[in-house]
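**Q** The structure follows.
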Amino acid sequence: MVEFLGVALILLIPLVYLVVTLGRVQAGAFAAEGAAREAVRAMVTAESAAAGTARAEAALGIALTDQGFARDAGALTLECSASPCLTPGGAVGAVVRVEVPLPLVPDAVRGWVPLSVPVEAARGGTVDEYTEARP
C-alpha cells in the first residue's frame, strides 16, 4: 500500500501539472487567435484608422480577459498595406502575442528565469473595395 501511494504521488503530481499547464497554453492560443481575428474585423469596419485601432485594442482586452489573462498579458501589432490605412481594397494585418506564465511558479523565481510560453497568432483582412476612402 505504501509503495502504491509513493508511486502514485510521483507519477500523478507531474501529470496533473502537465495537464494544467497545457490547459493554460491552450487558453493563450484561443485568446491570441480570437484577438487577432476580432482586431482585424474591428479595424476594417471602422470609420477611421484611429477608431479602428481603439476598437482593435478593446477586442484584444476582451479576448484576453475572456480566457482569464490580464489585459496587459498580450501585445497587438497592426499593419497596413496602404497609406492611409483604410484605403479601399487595402490589406490590414494583426499579430497578437500572448505571454502565458507557467502556473504555480512564484513571482520571485520569474525574476531570475523567464518562465512563460509565448503564443502568437496572425490574421489578415481586406478593407471593402466599394467604400469611400477613410482617413
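Here, A, B, ... name the chains of the C-alpha cells in the order displayed, residue numbers run from 1 inside each chain, and ligands are numbered from 1 in the same displayed order.
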Dump as a tab-separated table the rows for residues of region 103-130 of chain A within 7 Å of region 92-95 of chain A: closest atom pair and distance in Å with one decimal, only C-alpha atoms counted, ordered by chain and rising residue number.

**A**
```
residue	atom	partner	partner_atom	distance
A:Ala121	CA	A:Val95	CA	5.8
A:Ala122	CA	A:Val95	CA	4.3
A:Arg123	CA	A:Ala94	CA	5.4
A:Gly124	CA	A:Gly93	CA	4.2
A:Gly125	CA	A:Val92	CA	5.3
A:Thr126	CA	A:Val92	CA	6.0
```

**Q** Let me see the file: selected residues, N, CA and C atoms, as a CSV table (one decimal), in the first residue's frame.

**A**
```csv
chain,number,residue,atom,x,y,z
A,121,ALA,N,-0.4,34.7,-32.8
A,121,ALA,CA,-1.4,34.4,-33.8
A,121,ALA,C,-1.4,35.6,-34.7
A,122,ALA,N,-1.6,35.4,-36.0
A,122,ALA,CA,-1.7,36.5,-37.0
A,122,ALA,C,-2.9,36.3,-37.9
A,123,ARG,N,-3.6,37.3,-38.3
A,123,ARG,CA,-4.7,37.3,-39.2
A,123,ARG,C,-4.6,38.5,-40.1
A,124,GLY,N,-5.2,38.3,-41.2
A,124,GLY,CA,-5.3,39.4,-42.2
A,124,GLY,C,-6.7,39.6,-42.7
A,125,GLY,N,-7.0,40.8,-43.2
A,125,GLY,CA,-8.3,41.1,-43.8
A,125,GLY,C,-8.1,42.2,-44.8
A,126,THR,N,-9.2,42.4,-45.6
A,126,THR,CA,-9.2,43.4,-46.7
A,126,THR,C,-10.3,44.4,-46.4
```

**Q** Point out the residue among A:Val113, A:Phe69, A:Pro88, A:Ala82 with the least atom-to-atom distance to Ala29 (chain A), counting only C-alpha atoms.

**A**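 Checking each candidate against Ala29 (chain A), we get A:Phe69 as the closest.
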
**Q** Could you list, as a list of chain:residue names, every residue within 10 Å of Val96 (chain A), counting only C-alpha atoms and ignoring same-chain residues fewer than 3 positions away?

**A**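 Final neighbour list, sorted by chain and number: A:Ala29, A:Ala31, A:Ala32, A:Glu33, A:Gly34, A:Ala35, A:Ala36, A:Arg37, A:Ala39, A:Leu60, A:Gly74, A:Ala75, A:Leu76, A:Thr77, A:Leu78, A:Val119, A:Glu120, A:Ala121, A:Ala122, A:Arg123.
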
**Q** Can you pull out every residue from chain A that DSSP, working from the backbone, puts in helix (DSSP H, G or I), and format the result as a PyMOL selection string?

**A** chain A and resi 2-44+49-66+71-73+107-112

**Q** From the set A:Ala91, A:Val20, A:Val105, A:Leu64, which residue has the shortest atom-to-atom contact distance to Val40 (chain A), counting only C-alpha atoms?

**A** A:Ala91

**Q** What's around Leu102 (chain A) at 12 Å? Count only C-alpha atoms, leave out sequence neighbours fewer than 5 positions away in its own chain, and write the answer as a VMD selection string.

**A** chain A and resid 17 to 25 28 107 109 to 110 113 to 118

**Q** Return as a list in words the full set of residues in region 5-132 of chain A whose backbone-based DSSP assignment is strand (DSSP E or B).

**A** Gly74, Ala75, Leu76, Thr77, Leu78, Glu79, Cys80, Ala91, Val92, Gly93, Ala94, Val95, Val96, Arg97, Val98, Glu99, Val100, Pro101, Ser116, Val117, Pro118, Val119, Glu120, Ala121, Ala122, Arg123, Gly124, Gly125 and Thr126 of chain A

**Q** Can I get the selection written as an mmCIF file, in the first residue's frame, with C-alpha atoms?

**A**
```
data_model
loop_
_atom_site.group_PDB
_atom_site.id
_atom_site.type_symbol
_atom_site.label_atom_id
_atom_site.label_comp_id
_atom_site.auth_asym_id
_atom_site.auth_seq_id
_atom_site.Cartn_x
_atom_site.Cartn_y
_atom_site.Cartn_z
ATOM 1 C CA GLY A 74 -0.789 40.452 -24.726
ATOM 2 C CA ALA A 75 0.606 42.755 -27.377
ATOM 3 C CA LEU A 76 -1.163 43.794 -30.580
ATOM 4 C CA THR A 77 0.599 44.883 -33.757
ATOM 5 C CA LEU A 78 -1.452 46.250 -36.659
ATOM 6 C CA GLU A 79 -0.003 46.512 -40.165
ATOM 7 C CA CYS A 80 -1.490 48.177 -43.237
ATOM 8 C CA ALA A 91 -4.959 44.779 -46.612
ATOM 9 C CA VAL A 92 -4.837 45.015 -42.832
ATOM 10 C CA GLY A 93 -2.929 42.526 -40.699
ATOM 11 C CA ALA A 94 -2.919 41.913 -36.961
ATOM 12 C CA VAL A 95 -0.366 39.989 -34.930
ATOM 13 C CA VAL A 96 -1.157 39.165 -31.302
ATOM 14 C CA ARG A 97 1.466 37.837 -28.913
ATOM 15 C CA VAL A 98 0.455 36.480 -25.513
ATOM 16 C CA GLU A 99 2.908 35.510 -22.780
ATOM 17 C CA VAL A 100 1.418 32.551 -20.881
ATOM 18 C CA PRO A 101 3.030 32.216 -17.443
ATOM 19 C CA SER A 116 6.421 31.778 -19.701
ATOM 20 C CA VAL A 117 5.369 30.330 -23.018
ATOM 21 C CA PRO A 118 4.936 32.820 -25.879
ATOM 22 C CA VAL A 119 1.895 32.218 -28.070
ATOM 23 C CA GLU A 120 1.401 34.174 -31.281
ATOM 24 C CA ALA A 121 -1.398 34.436 -33.824
ATOM 25 C CA ALA A 122 -1.707 36.453 -37.012
ATOM 26 C CA ARG A 123 -4.718 37.319 -39.154
ATOM 27 C CA GLY A 124 -5.281 39.420 -42.228
ATOM 28 C CA GLY A 125 -8.266 41.125 -43.770
ATOM 29 C CA THR A 126 -9.174 43.356 -46.664
#
```

**Q** Ranking A:Gly89, A:Ser83, A:Leu12, A:Phe30 by minimum distance to Ala63 (chain A) and counting only C-alpha atoms, which one comes first?

**A**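 Among the listed residues, A:Phe30 lies closest to Ala63 (chain A).
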